[in-house]
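Text of the file final15.cif, holding mmCIF, C-alpha atoms:
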```cif
data_model
#
loop_
_atom_site.label_atom_id
_atom_site.label_comp_id
_atom_site.auth_asym_id
_atom_site.auth_seq_id
_atom_site.Cartn_x
_atom_site.Cartn_y
_atom_site.Cartn_z
CA MET D 249 -21.00 -24.99 -34.79
CA LEU D 250 -17.70 -23.61 -33.54
CA ARG D 251 -17.67 -23.10 -29.77
CA ALA D 252 -15.33 -20.80 -27.84
CA LEU D 253 -14.98 -20.34 -24.11
CA LEU D 254 -14.63 -16.67 -23.20
CA LEU D 255 -13.02 -16.10 -19.81
CA ILE D 256 -14.30 -12.83 -18.46
CA PRO D 257 -14.37 -11.48 -14.89
CA SER D 258 -17.75 -10.52 -13.48
CA THR D 259 -16.48 -6.94 -13.15
CA SER D 260 -15.50 -6.63 -16.83
CA TYR D 261 -17.12 -4.32 -19.38
CA ARG D 262 -16.27 -6.53 -22.36
CA ALA D 263 -18.75 -9.41 -22.46
CA GLN D 264 -21.35 -7.77 -24.70
CA ASP D 265 -18.81 -6.70 -27.33
CA TYR D 266 -17.54 -10.27 -27.65
CA LEU D 267 -21.07 -11.67 -27.78
CA ASN D 268 -21.95 -9.23 -30.56
CA ALA D 269 -18.87 -10.31 -32.51
CA ALA D 270 -19.74 -13.98 -32.01
CA ARG D 271 -23.25 -13.44 -33.38
CA ARG D 272 -21.78 -11.74 -36.43
CA LEU D 273 -19.53 -14.74 -37.01
CA GLY D 274 -22.21 -17.32 -36.27
CA ILE D 275 -20.24 -19.04 -33.51
CA GLU D 276 -21.26 -20.13 -30.03
CA ILE D 277 -19.76 -18.31 -27.07
CA VAL D 278 -19.64 -19.86 -23.62
CA VAL D 279 -19.06 -17.26 -20.91
CA GLY D 280 -16.72 -18.49 -18.19
CA SER D 281 -16.90 -16.15 -15.20
CA ASP D 282 -15.68 -16.02 -11.63
CA GLN D 283 -19.28 -15.61 -10.49
CA ARG D 284 -22.08 -18.09 -10.95
CA GLN D 285 -24.81 -16.86 -13.29
CA ALA D 286 -28.42 -16.86 -12.01
CA LEU D 287 -29.72 -18.90 -14.97
CA GLU D 288 -26.70 -21.18 -15.35
CA ALA D 289 -28.78 -24.34 -14.76
CA PHE D 290 -30.99 -23.43 -17.73
CA SER D 291 -28.31 -22.18 -20.11
CA ASP D 292 -27.50 -25.54 -21.75
CA GLY D 293 -23.77 -25.15 -21.20
CA ARG D 294 -23.48 -21.54 -22.36
CA THR D 295 -22.25 -20.23 -18.99
CA LEU D 296 -19.65 -21.67 -16.69
CA ALA D 297 -18.65 -20.63 -13.18
CA LEU D 298 -14.88 -20.99 -12.76
CA GLU D 299 -12.15 -20.56 -10.19
CA PHE D 300 -9.78 -18.06 -11.81
CA SER D 301 -7.29 -18.60 -8.99
CA PRO D 302 -5.55 -20.90 -8.31
CA ILE D 303 -5.01 -21.64 -12.00
CA GLY D 304 -5.01 -25.41 -11.51
CA GLU D 305 -8.59 -25.49 -10.29
CA GLY D 306 -9.83 -23.39 -13.20
CA VAL D 307 -7.98 -25.57 -15.72
CA ALA D 308 -9.51 -28.74 -14.26
CA GLN D 309 -13.00 -27.21 -14.50
CA ILE D 310 -12.44 -26.23 -18.13
CA LEU D 311 -11.17 -29.69 -19.05
CA GLU D 312 -14.20 -31.31 -17.41
CA TYR D 313 -16.54 -28.94 -19.22
CA SER D 314 -14.84 -29.64 -22.57
CA ARG D 315 -15.52 -33.37 -22.24
CA ARG D 316 -19.24 -32.60 -22.45
CA TYR D 317 -19.09 -29.51 -24.65
CA PRO D 318 -16.01 -29.68 -26.93
CA LEU D 319 -14.22 -26.36 -27.26
CA CYS D 320 -12.46 -24.93 -30.29
CA ALA D 321 -10.85 -22.06 -28.41
CA VAL D 322 -10.33 -20.66 -24.92
CA ILE D 323 -9.94 -16.88 -24.85
CA GLY D 324 -8.80 -14.72 -21.94
CA THR D 325 -9.94 -11.10 -21.90
CA ASP D 326 -7.69 -9.57 -19.23
CA ASP D 327 -4.34 -10.14 -17.53
CA ASP D 328 -5.54 -12.79 -15.08
CA THR D 329 -7.68 -14.80 -17.49
CA ALA D 330 -4.99 -14.76 -20.20
CA LEU D 331 -2.88 -17.08 -18.05
CA LEU D 332 -5.79 -19.43 -17.36
CA ALA D 333 -6.64 -19.50 -21.08
CA ALA D 334 -3.07 -20.38 -22.03
CA ALA D 335 -2.83 -23.18 -19.46
CA ALA D 336 -6.17 -24.72 -20.48
CA SER D 337 -5.47 -24.37 -24.20
CA ARG D 338 -2.17 -26.20 -23.85
CA LEU D 339 -3.87 -29.24 -22.32
CA LEU D 340 -6.71 -29.09 -24.85
CA ARG D 341 -4.12 -28.90 -27.66
CA LEU D 342 -5.54 -25.65 -28.96
CA PRO D 343 -3.42 -22.78 -30.37
CA HIS D 344 -2.01 -20.94 -27.39
CA ASN D 345 0.80 -18.97 -25.83
CA ASP D 346 3.20 -20.74 -23.56
CA PRO D 347 1.75 -20.29 -20.04
CA GLY D 348 5.23 -19.51 -18.77
CA ALA D 349 5.52 -16.62 -21.22
CA VAL D 350 2.14 -15.24 -20.17
CA ALA D 351 3.12 -15.60 -16.51
CA ILE D 352 6.15 -13.36 -17.09
CA THR D 353 3.90 -10.59 -18.40
CA ARG D 354 1.96 -10.82 -15.10
CA ASP D 355 5.10 -10.16 -13.03
CA LYS D 356 6.67 -6.77 -13.65
CA HIS D 357 10.00 -7.79 -12.10
CA ARG D 358 10.35 -10.89 -14.28
CA LEU D 359 9.30 -8.81 -17.29
CA ARG D 360 12.12 -6.33 -16.59
CA GLN D 361 14.61 -9.17 -16.18
CA THR D 362 13.53 -10.70 -19.49
CA MET D 363 13.79 -7.38 -21.34
CA GLU D 364 17.25 -6.73 -19.91
CA ARG D 365 18.54 -10.21 -20.82
CA ALA D 366 17.23 -9.75 -24.36
CA GLY D 367 19.18 -6.52 -24.73
CA LEU D 368 16.14 -4.27 -24.95
CA ARG D 369 16.32 -0.80 -23.42
CA SER D 370 15.50 -1.02 -19.77
CA PRO D 371 15.81 1.36 -16.81
CA TRP D 372 17.70 0.24 -13.73
CA PHE D 373 15.44 -1.79 -11.46
CA ARG D 374 15.37 -3.73 -8.23
CA ARG D 375 12.81 -5.66 -6.23
CA ILE D 376 11.83 -4.84 -2.64
CA ALA D 377 11.09 -8.17 -1.00
CA PRO D 378 8.23 -8.71 1.48
CA GLY D 379 9.28 -7.43 4.88
CA GLU D 380 12.31 -5.55 3.55
CA ASP D 381 13.09 -2.28 5.33
CA VAL D 382 11.83 0.42 2.96
CA GLU D 383 13.79 3.20 4.69
CA ALA D 384 17.03 1.34 4.01
CA ALA D 385 15.95 0.63 0.43
CA ALA D 386 15.23 4.33 -0.08
CA LEU D 387 18.90 5.13 0.54
CA SER D 388 20.10 2.59 -2.03
CA VAL D 389 18.44 3.97 -5.18
CA SER D 390 18.70 7.03 -7.40
CA TYR D 391 15.92 9.51 -8.09
CA PRO D 392 13.48 10.06 -9.66
CA CYS D 393 12.18 6.51 -9.65
CA VAL D 394 8.89 4.66 -9.87
CA LEU D 395 7.48 2.12 -7.39
CA LYS D 396 4.84 -0.35 -8.53
CA PRO D 397 3.22 -3.63 -7.41
CA LEU D 398 4.35 -6.65 -9.37
CA ASP D 399 0.97 -7.80 -10.62
CA LEU D 400 -1.69 -5.09 -10.43
CA SER D 401 -2.90 -3.48 -13.65
CA ALA D 402 -4.42 -0.19 -14.88
CA SER D 403 -1.66 1.86 -13.16
CA ARG D 404 -2.99 0.83 -9.77
CA GLY D 405 -0.39 1.42 -7.08
CA VAL D 406 2.15 2.99 -9.48
CA ILE D 407 3.84 6.00 -7.85
CA ARG D 408 6.75 8.23 -8.88
CA VAL D 409 8.97 9.53 -6.08
CA ASP D 410 11.74 12.12 -6.10
CA ASP D 411 13.44 11.59 -2.74
CA ALA D 412 13.93 9.13 0.12
CA PRO D 413 11.01 10.33 2.30
CA GLY D 414 8.69 10.06 -0.69
CA PHE D 415 10.05 6.57 -1.41
CA SER D 416 9.28 5.31 2.10
CA ALA D 417 5.78 6.80 2.09
CA ALA D 418 5.01 5.35 -1.36
CA ALA D 419 6.25 1.87 -0.42
CA ARG D 420 4.04 1.80 2.68
CA ARG D 421 1.10 3.05 0.63
CA ILE D 422 1.57 0.35 -1.99
CA ARG D 423 1.70 -2.33 0.68
CA ARG D 424 -1.66 -1.08 2.00
CA ILE D 425 -3.07 -1.22 -1.53
CA LEU D 426 -1.81 -4.78 -1.92
CA ARG D 427 -3.39 -5.86 1.35
CA ARG D 428 -6.76 -4.55 0.17
CA ALA D 429 -6.39 -5.95 -3.35
CA LYS D 430 -5.24 -9.43 -2.47
CA GLY D 431 -7.55 -10.10 0.45
CA PRO D 432 -7.07 -13.01 2.84
CA ASP D 433 -4.38 -14.72 0.73
CA HIS D 434 -2.19 -11.63 0.75
CA HIS D 435 0.50 -13.00 3.06
CA SER D 436 0.89 -16.18 1.02
CA ARG D 437 1.31 -14.16 -2.19
CA GLY D 438 3.63 -11.54 -0.73
CA ASP D 439 3.86 -7.80 -1.11
CA SER D 440 6.93 -7.38 -3.28
CA ILE D 441 7.39 -4.03 -4.99
CA LEU D 442 9.32 -3.22 -8.16
CA VAL D 443 11.47 -0.10 -8.14
CA GLU D 444 12.76 1.21 -11.47
CA GLY D 445 14.28 4.36 -12.87
CA PHE D 446 11.76 6.87 -14.18
CA ILE D 447 11.70 6.92 -17.99
CA PRO D 448 11.03 10.43 -19.31
CA GLY D 449 9.37 11.03 -22.64
CA ARG D 450 6.13 10.54 -24.51
CA GLU D 451 4.06 7.45 -23.79
CA VAL D 452 2.35 5.40 -26.47
CA ALA D 453 0.54 2.08 -26.66
CA LEU D 454 0.46 -0.52 -29.40
CA ASP D 455 -2.12 -3.24 -29.96
CA GLY D 456 -1.19 -6.12 -32.20
CA LEU D 457 -2.01 -9.69 -33.07
CA LEU D 458 0.56 -12.48 -32.97
CA GLU D 459 0.13 -15.23 -35.54
CA ARG D 460 2.65 -18.05 -35.10
CA GLY D 461 5.10 -15.57 -33.69
CA ARG D 462 4.60 -12.92 -36.36
CA LEU D 463 3.39 -9.54 -35.12
CA ARG D 464 0.62 -7.81 -37.04
CA PRO D 465 0.29 -4.26 -35.68
CA ILE D 466 -3.33 -3.17 -35.30
CA ALA D 467 -3.13 0.35 -33.92
CA LEU D 468 -0.57 2.68 -32.39
CA PHE D 469 -2.03 5.10 -29.85
CA ASP D 470 -0.67 8.42 -28.70
CA LYS D 471 -1.28 9.40 -25.08
CA PRO D 472 -1.25 13.20 -25.38
CA ASP D 473 -1.50 13.90 -21.64
CA PRO D 474 1.88 13.99 -19.88
CA LEU D 475 2.38 10.95 -17.67
CA ASP D 476 5.11 12.20 -15.35
CA GLY D 477 3.57 11.26 -12.00
CA PRO D 478 3.26 11.18 -9.10
CA PHE D 479 0.47 8.87 -10.32
CA PHE D 480 -0.03 7.55 -13.84
CA GLU D 481 -3.71 7.75 -14.61
CA GLU D 482 -4.24 7.15 -18.30
CA THR D 483 -6.90 9.34 -19.86
CA ILE D 484 -6.76 9.89 -23.63
CA TYR D 485 -5.76 7.45 -26.38
CA VAL D 486 -5.73 8.68 -29.99
CA THR D 487 -4.92 6.80 -33.19
CA PRO D 488 -3.27 7.08 -35.67
CA SER D 489 -0.15 8.27 -33.93
CA ARG D 490 1.30 11.66 -34.77
CA LEU D 491 4.87 10.42 -34.27
CA PRO D 492 7.18 10.35 -37.31
CA GLN D 493 6.93 7.17 -39.37
CA SER D 494 10.51 6.26 -38.48
CA GLN D 495 9.64 6.26 -34.75
CA GLN D 496 6.46 4.30 -35.41
CA ARG D 497 8.46 1.60 -37.18
CA GLU D 498 10.94 1.55 -34.30
CA ILE D 499 8.06 1.06 -31.83
CA GLU D 500 6.67 -1.84 -33.84
CA ALA D 501 10.11 -3.43 -34.04
CA GLU D 502 10.57 -3.08 -30.26
CA VAL D 503 7.22 -4.74 -29.57
CA ASP D 504 8.14 -7.56 -31.94
CA ARG D 505 11.50 -8.05 -30.17
CA ALA D 506 9.81 -8.02 -26.77
CA ALA D 507 7.24 -10.63 -27.83
CA ARG D 508 10.01 -12.87 -29.11
CA ALA D 509 12.03 -12.40 -25.93
CA LEU D 510 9.04 -13.37 -23.81
CA GLY D 511 8.11 -16.32 -26.02
CA LEU D 512 4.65 -15.02 -26.91
CA ARG D 513 3.44 -16.45 -30.23
CA GLU D 514 -0.36 -16.41 -30.50
CA GLY D 515 -3.16 -13.92 -29.96
CA PRO D 516 -3.46 -10.27 -28.99
CA VAL D 517 -0.77 -8.20 -27.32
CA HIS D 518 -0.98 -4.77 -25.73
CA ALA D 519 2.27 -2.90 -25.13
CA GLU D 520 2.96 0.35 -23.27
CA LEU D 521 6.13 2.17 -24.33
CA ARG D 522 7.99 5.44 -23.81
CA VAL D 523 9.81 7.36 -26.53
CA ASN D 524 12.63 9.82 -25.90
CA ASP D 525 15.93 10.92 -27.39
CA ALA D 526 17.55 7.63 -26.36
CA GLY D 527 15.00 5.61 -28.33
CA VAL D 528 12.04 3.35 -27.49
CA TRP D 529 11.60 1.83 -24.05
CA MET D 530 9.23 -1.01 -23.18
CA VAL D 531 7.23 -0.15 -20.06
CA GLU D 532 4.83 -3.09 -19.91
CA MET D 533 3.50 -5.81 -22.20
CA ALA D 534 0.39 -7.96 -21.82
CA ALA D 535 -1.05 -10.96 -23.66
CA ARG D 536 -4.43 -9.27 -24.23
CA THR D 537 -6.06 -6.44 -26.11
CA ILE D 538 -6.49 -2.89 -24.89
CA GLY D 539 -8.68 -2.89 -21.77
CA GLY D 540 -12.10 -1.65 -20.72
CA LEU D 541 -14.34 -0.42 -23.51
CA CYS D 542 -11.43 1.27 -25.28
CA SER D 543 -11.55 -1.20 -28.17
CA ARG D 544 -14.80 0.42 -29.33
CA MET D 545 -12.78 3.23 -30.91
CA LEU D 546 -11.30 0.70 -33.35
CA ARG D 547 -13.33 -0.19 -36.41
CA PHE D 548 -12.13 -2.13 -39.40
CA ALA D 549 -13.67 -2.23 -42.84
CA PRO D 550 -16.37 -3.39 -43.30
CA GLY D 551 -17.56 -2.71 -39.73
CA VAL D 552 -15.42 -5.41 -38.10
CA THR D 553 -14.50 -4.97 -34.42
CA LEU D 554 -11.32 -5.84 -32.57
CA GLU D 555 -13.22 -8.58 -30.71
CA GLU D 556 -14.10 -10.18 -34.03
CA PHE D 557 -10.45 -10.28 -35.03
CA VAL D 558 -9.56 -11.94 -31.73
CA LEU D 559 -12.29 -14.55 -32.19
CA ARG D 560 -11.32 -15.19 -35.81
CA HIS D 561 -7.70 -15.75 -34.87
CA ALA D 562 -8.52 -18.02 -31.94
CA LEU D 563 -10.82 -20.18 -34.10
CA ALA D 564 -8.41 -20.31 -37.06
CA LEU D 565 -10.83 -18.35 -39.25
CA PRO D 566 -9.46 -16.00 -41.92
CA THR D 567 -8.42 -12.66 -40.46
CA GLY D 568 -7.90 -10.91 -43.79
CA HIS D 569 -6.32 -7.49 -43.73
CA LEU D 570 -6.16 -5.59 -40.46
CA THR D 571 -7.16 -2.34 -42.10
CA ARG D 572 -8.57 0.24 -39.74
CA GLN D 573 -11.29 2.52 -41.08
CA GLY D 574 -9.98 5.85 -42.30
CA GLY D 575 -9.71 8.97 -40.23
CA ALA D 576 -8.75 9.31 -36.59
CA ALA D 577 -10.35 7.88 -33.48
CA GLY D 578 -9.85 8.17 -29.76
CA VAL D 579 -11.17 7.46 -26.31
CA MET D 580 -11.04 9.28 -23.01
CA MET D 581 -11.21 7.19 -19.87
CA ILE D 582 -13.00 9.55 -17.51
CA PRO D 583 -10.88 9.84 -14.34
CA ILE D 584 -12.29 9.82 -10.83
CA PRO D 585 -11.44 13.28 -9.44
CA ARG D 586 -11.82 12.43 -5.74
CA ALA D 587 -12.97 9.72 -3.37
CA GLY D 588 -16.61 9.58 -2.35
CA ARG D 589 -19.97 8.30 -3.53
CA LEU D 590 -21.54 9.26 -6.85
CA ARG D 591 -24.75 11.20 -6.27
CA GLY D 592 -25.49 12.49 -9.76
CA LEU D 593 -24.29 13.57 -13.19
CA THR D 594 -25.09 16.55 -15.42
CA GLY D 595 -23.93 17.50 -18.90
CA PHE D 596 -24.32 14.05 -20.47
CA ASP D 597 -26.44 15.21 -23.43
CA ALA D 598 -24.24 18.28 -23.94
CA ALA D 599 -21.14 16.07 -24.06
CA ARG D 600 -22.70 13.76 -26.65
CA ALA D 601 -23.69 16.77 -28.76
CA ILE D 602 -20.09 17.95 -29.24
CA ASP D 603 -18.92 17.67 -32.85
CA ALA D 604 -16.95 14.46 -33.53
CA ILE D 605 -18.17 12.75 -30.34
CA ASP D 606 -19.28 9.23 -31.20
CA ASP D 607 -20.57 8.10 -27.81
CA VAL D 608 -20.39 8.68 -24.08
CA VAL D 609 -20.69 5.70 -21.75
CA ILE D 610 -20.94 6.10 -17.97
CA SER D 611 -19.82 2.85 -16.37
CA VAL D 612 -20.59 3.55 -12.70
CA ALA D 613 -24.03 3.71 -11.13
CA ILE D 614 -25.51 6.39 -8.91
CA GLY D 615 -24.63 5.43 -5.36
CA ASP D 616 -21.39 3.65 -6.25
CA ALA D 617 -18.31 4.29 -4.14
CA LEU D 618 -15.51 6.01 -6.08
CA VAL D 619 -11.82 5.47 -5.40
CA PRO D 620 -9.24 7.41 -7.45
CA LEU D 621 -5.75 6.23 -8.32
CA PRO D 622 -3.44 4.96 -7.05
CA GLU D 623 -5.80 2.95 -4.83
CA GLY D 624 -8.64 2.66 -7.38
CA ASP D 625 -8.90 0.44 -10.43
CA ARG D 626 -11.81 1.86 -12.45
CA TYR D 627 -12.97 4.91 -14.37
CA LEU D 628 -16.21 6.88 -14.36
CA GLY D 629 -16.78 5.97 -17.98
CA PHE D 630 -15.59 6.43 -21.54
CA ILE D 631 -15.91 9.15 -24.20
CA PHE D 632 -15.41 8.14 -27.85
CA ALA D 633 -14.64 10.45 -30.77
CA ARG D 634 -14.01 10.21 -34.53
CA ALA D 635 -12.77 12.89 -36.91
CA ASN D 636 -10.52 13.43 -39.90
CA ALA D 637 -7.38 14.14 -37.86
CA PRO D 638 -5.98 13.13 -34.45
CA ALA D 639 -5.88 16.74 -33.22
CA GLU D 640 -9.64 17.09 -33.89
CA VAL D 641 -10.32 13.91 -31.93
CA GLU D 642 -8.27 15.09 -28.97
CA THR D 643 -10.01 18.48 -28.95
CA ALA D 644 -13.46 16.87 -29.07
CA LEU D 645 -12.66 14.54 -26.19
CA ARG D 646 -11.45 17.39 -24.00
CA ARG D 647 -14.48 19.56 -24.84
CA ALA D 648 -16.89 16.73 -24.07
CA HIS D 649 -15.19 16.00 -20.77
CA LYS D 650 -15.59 19.63 -19.70
CA GLN D 651 -19.36 19.31 -20.16
CA LEU D 652 -19.61 16.50 -17.61
CA GLU D 653 -20.09 17.38 -13.96
CA PHE D 654 -20.13 14.62 -11.38
CA ASP D 655 -21.76 15.22 -8.01
CA ILE D 656 -19.59 13.24 -5.60
CA GLU D 657 -20.43 13.05 -1.93
CA GLN D 658 -17.16 13.35 -0.05
CA ALA D 659 -15.99 10.20 1.66
CA ALA D 660 -16.02 10.23 5.44
CA VAL D 661 -12.58 10.87 6.90
#
```
Please express what this file holds, its structure, as structure tokens.
Amino acid sequence: MLRALLLIPSTSYRAQDYLNAARRLGIEIVVGSDQRQALEAFSDGRTLALEFSPIGEGVAQILEYSRRYPLCAVIGTDDDTALLAAAASRLLRLPHNDPGAVAITRDKHRLRQTMERAGLRSPWFRRIAPGEDVEAAALSVSYPCVLKPLDLSASRGVIRVDDAPGFSAAARRIRRILRRAKGPDHHSRGDSILVEGFIPGREVALDGLLERGRLRPIALFDKPDPLDGPFFEETIYVTPSRLPQSQQREIEAEVDRAARALGLREGPVHAELRVNDAGVWMVEMAARTIGGLCSRMLRFAPGVTLEEFVLRHALALPTGHLTRQGGAAGVMMIPIPRAGRLRGLTGFDAARAIDAIDDVVISVAIGDALVPLPEGDRYLGFIFARANAPAEVETALRRAHKQLEFDIEQAAV
């Protein structure tokens, strides 16, 4: 039986979707997590506790495991595990991306440098080094601009500023976020910040699959909510895109050029882009699929999931035609409106009863602490919709969201 190691953080939502896909394919999945499983001793090699950082330790653990349980694929499910998967796959001589290419996608400054050298559209940018005087830096840039940590995801710590006082306040805020996010090794990893010119326009996202360097687009998503700052909380994704076909082709071409510039050749990619009168601009690119539970909006005939495509590609099984089921689909990532502790929820059944709503999933538990962006890194849950047209999907998602009321106990000041 084919065996694949799935690298998945203990905080991820994705494990069950991959396990379901594996059962459909009749393959064995080994879950490699950063937290030891309670029944690991009795799992006959089907779970594996790993050090995700530093990468070298995790790679050594995977190689040792593979000597006893040979692996046919190592699959990362998020930004951090994608790098570990690439490094381990290289040593196991499995199809993989170059670890150096994946590492660039994990560093927003290096990503900008690579895009600029390749001649892709790029805003002006500069890096604020650890310890650099932010007040002096604020006087050296033009406005509006965006400040962001180099390696945090899900828009965490990303802040638009319009003047020098706002710049200084945002830089200090990001450094506080980094101290909390990185923990005791913060000082060894640094607190560099990327500053770049704000790119106006509509934002879209593209998911694709790279096969020996060839990009196969899977879905292009519109983000109908304006993302102009000061924070950049993503909410609604809808596919197919309502952009003109000419712009859609330009977006696909830009993602293909970016993948080639980075040296990515195998597996899923997720790209965030902006579109305006000047053309298509790459914002970020990752060697993974769309995050959270968002992939559940994608279904392929006959009933194939995105996770199944990823597994098929990693195990060199036929992928066939990436044909998404007809109609439109979308997801709303339910934002956290304010900091506090979740005490209750009403309107769940009413939200699910809205026409075109496919499912509503609440991903936080009663009693959980809630932290909104830019400090936070999670959502209250996900709303899924399907309809004949993108506009119907968007309307259904907004109507369902209005039905939900979250009782949040205000955080102590």
Checklist entry - Which residues fall under the PyMOL selection byres ((chain D and resi 540) around 12) in this file, as a ChimeraX atom specification? => result /D:256-257,259-265,325-327,401-402,536-539,541-545,579-582,609,611,625-631
Item to check | Output check: residues returned by the PyMOL selection byres ((chain D and resi 597-602) around 9), as an NGL selection string | outcome: :D and (594-596 or 603-608 or 631 or 644-645 or 647-652)
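If you look at CA of Arg341 in chain D and CA of Ala321 in chain D, they are 9.6 Å away from each other.
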Might I get the box with edges along x, y and z of the file that holds all atoms of range 384-396 of chain D listed there, padded by 6 Å on every side, given as centre and edge lengths in Å to one decimal, as JSON?
```
{"center_x": 12.5, "center_y": 4.9, "center_z": -2.9, "size_x": 27.3, "size_y": 22.4, "size_z": 25.9}
```
Go through range 295-413 of chain D and flag each residue having an atom no more than 10 Å from range 424-430 of chain D; for those, report the closest pair of atoms plus their distance in Å to one decimal, using all atoms listed in the file, ordered by chain and rising number, as a Markdown table.
```
| residue | atom | partner | partner_atom | distance |
| --- | --- | --- | --- | --- |
| D:Pro397 | CA | D:Leu426 | CA | 7.5 |
| D:Leu398 | CA | D:Leu426 | CA | 9.8 |
| D:Asp399 | CA | D:Leu426 | CA | 9.6 |
| D:Leu400 | CA | D:Leu426 | CA | 8.5 |
| D:Arg404 | CA | D:Ile425 | CA | 8.5 |
| D:Gly405 | CA | D:Ile425 | CA | 6.7 |
```
Item to check | Selection as a list of chain:residue names: residues within 10 Å of (10.4, 4.3, -32.7), counting all atoms listed in the file | outcome: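 In the file's frame, the residues around the point are D:Leu491, D:Pro492, D:Gln493, D:Ser494, D:Gln495, D:Gln496, D:Arg497, D:Glu498, D:Ile499, D:Glu500, D:Ala501, D:Glu502, D:Leu521, D:Arg522, D:Val523, D:Asn524, D:Gly527, D:Val528, D:Trp529.
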In the coordinate frame of the file, compute which residues have an atom within 10 Å of (-19.1, -18.0, -15.0) when using all atoms listed in the file, and state them as a CSV table (one decimal) with C-alpha atoms, in the coordinates of the input.
```csv
chain,number,residue,atom,x,y,z
D,254,LEU,CA,-14.6,-16.7,-23.2
D,255,LEU,CA,-13.0,-16.1,-19.8
D,256,ILE,CA,-14.3,-12.8,-18.5
D,257,PRO,CA,-14.4,-11.5,-14.9
D,258,SER,CA,-17.8,-10.5,-13.5
D,278,VAL,CA,-19.6,-19.9,-23.6
D,279,VAL,CA,-19.1,-17.3,-20.9
D,280,GLY,CA,-16.7,-18.5,-18.2
D,281,SER,CA,-16.9,-16.2,-15.2
D,282,ASP,CA,-15.7,-16.0,-11.6
D,283,GLN,CA,-19.3,-15.6,-10.5
D,284,ARG,CA,-22.1,-18.1,-11.0
D,285,GLN,CA,-24.8,-16.9,-13.3
D,286,ALA,CA,-28.4,-16.9,-12.0
D,288,GLU,CA,-26.7,-21.2,-15.4
D,294,ARG,CA,-23.5,-21.5,-22.4
D,295,THR,CA,-22.2,-20.2,-19.0
D,296,LEU,CA,-19.6,-21.7,-16.7
D,297,ALA,CA,-18.6,-20.6,-13.2
D,298,LEU,CA,-14.9,-21.0,-12.8
D,299,GLU,CA,-12.2,-20.6,-10.2
D,300,PHE,CA,-9.8,-18.1,-11.8
```
For the file shown, report as a PDB file with C-alpha atoms, in the coordinates of the input the outcome of the PyMOL selection byres ((chain D and resi 618-621) around 8) at residue level.
```
ATOM      1  CA  SER D 403      -1.660   1.860 -13.160  1.00  0.00           C
ATOM      2  CA  ARG D 404      -2.990   0.830  -9.770  1.00  0.00           C
ATOM      3  CA  GLY D 405      -0.390   1.420  -7.080  1.00  0.00           C
ATOM      4  CA  PHE D 479       0.470   8.870 -10.320  1.00  0.00           C
ATOM      5  CA  GLU D 481      -3.710   7.750 -14.610  1.00  0.00           C
ATOM      6  CA  PRO D 583     -10.880   9.840 -14.340  1.00  0.00           C
ATOM      7  CA  ILE D 584     -12.290   9.820 -10.830  1.00  0.00           C
ATOM      8  CA  PRO D 585     -11.440  13.280  -9.440  1.00  0.00           C
ATOM      9  CA  ARG D 586     -11.820  12.430  -5.740  1.00  0.00           C
ATOM     10  CA  ALA D 587     -12.970   9.720  -3.370  1.00  0.00           C
ATOM     11  CA  GLY D 588     -16.610   9.580  -2.350  1.00  0.00           C
ATOM     12  CA  ARG D 589     -19.970   8.300  -3.530  1.00  0.00           C
ATOM     13  CA  LEU D 590     -21.540   9.260  -6.850  1.00  0.00           C
ATOM     14  CA  ASP D 616     -21.390   3.650  -6.250  1.00  0.00           C
ATOM     15  CA  ALA D 617     -18.310   4.290  -4.140  1.00  0.00           C
ATOM     16  CA  PRO D 622      -3.440   4.960  -7.050  1.00  0.00           C
ATOM     17  CA  GLU D 623      -5.800   2.950  -4.830  1.00  0.00           C
ATOM     18  CA  GLY D 624      -8.640   2.660  -7.380  1.00  0.00           C
ATOM     19  CA  ASP D 625      -8.900   0.440 -10.430  1.00  0.00           C
ATOM     20  CA  ARG D 626     -11.810   1.860 -12.450  1.00  0.00           C
TER      21      ARG D 626
END
```
Item to check | Minimum-distance residue to Gly367 in chain D, chosen among D:Ile614, D:Ile303, D:Leu559, D:Met530 (using all atoms listed in the file) | outcome: D:Met530
Item to check | Separation of CA of Arg423 in chain D from CA of Val394 in chain D, in Å and rounded to one decimal | outcome: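 CA of Arg423 in chain D sits 14.6 Å away from CA of Val394 in chain D.
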Next on the checklist: Which residue is closest to Ala564 in chain D? Choose from D:Glu514, D:Glu642, D:Asp439, D:Asp411 and count only C-alpha atoms.
Outcome noted: D:Glu514
Next on the checklist: I'd like the neighbourhood of Leu311 in chain D as a VMD selection string, where a residue qualifies if any of its atoms comes within 12 Å (using only C-alpha atoms), though same-chain residues fewer than 6 positions away should be ignored.
Outcome noted: chain D and resid 253 296 298 304 to 305 317 to 319 322 332 to 333 335 to 341
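When only C-alpha atoms are used to compute distances to Ser314 in chain D, the closest of the residues D:Ala270, D:His357, D:Arg251, D:Met533 turns out to be D:Arg251.
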Item to check | Nearest candidate to Gly274 in chain D (options D:Ala507, D:Leu563, D:Cys393, D:Val531; using all atoms listed in the file) | outcome: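 Residue with the minimum atom-to-atom distance to Gly274 in chain D: D:Leu563.
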Checklist entry - What does the distance from CA of Glu276 in chain D to CA of Asp328 in chain D come to in Å, to one decimal? => result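 Pair CA of Glu276 in chain D / CA of Asp328 in chain D returns 22.9 Å.
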Checklist entry - Using only C-alpha atoms, which of D:Ile275, D:Ile323, D:Arg505, D:Leu593 sits nearest Leu565 in chain D? => result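 Ranked by minimum distance to Leu565 in chain D, first place goes to D:Ile275.
Comparing the minimum interatomic distances between Val406 in chain D and each of D:Phe654, D:Phe548, D:Tyr391, D:Phe480, counting only C-alpha atoms, we find that D:Phe480 sits nearest.
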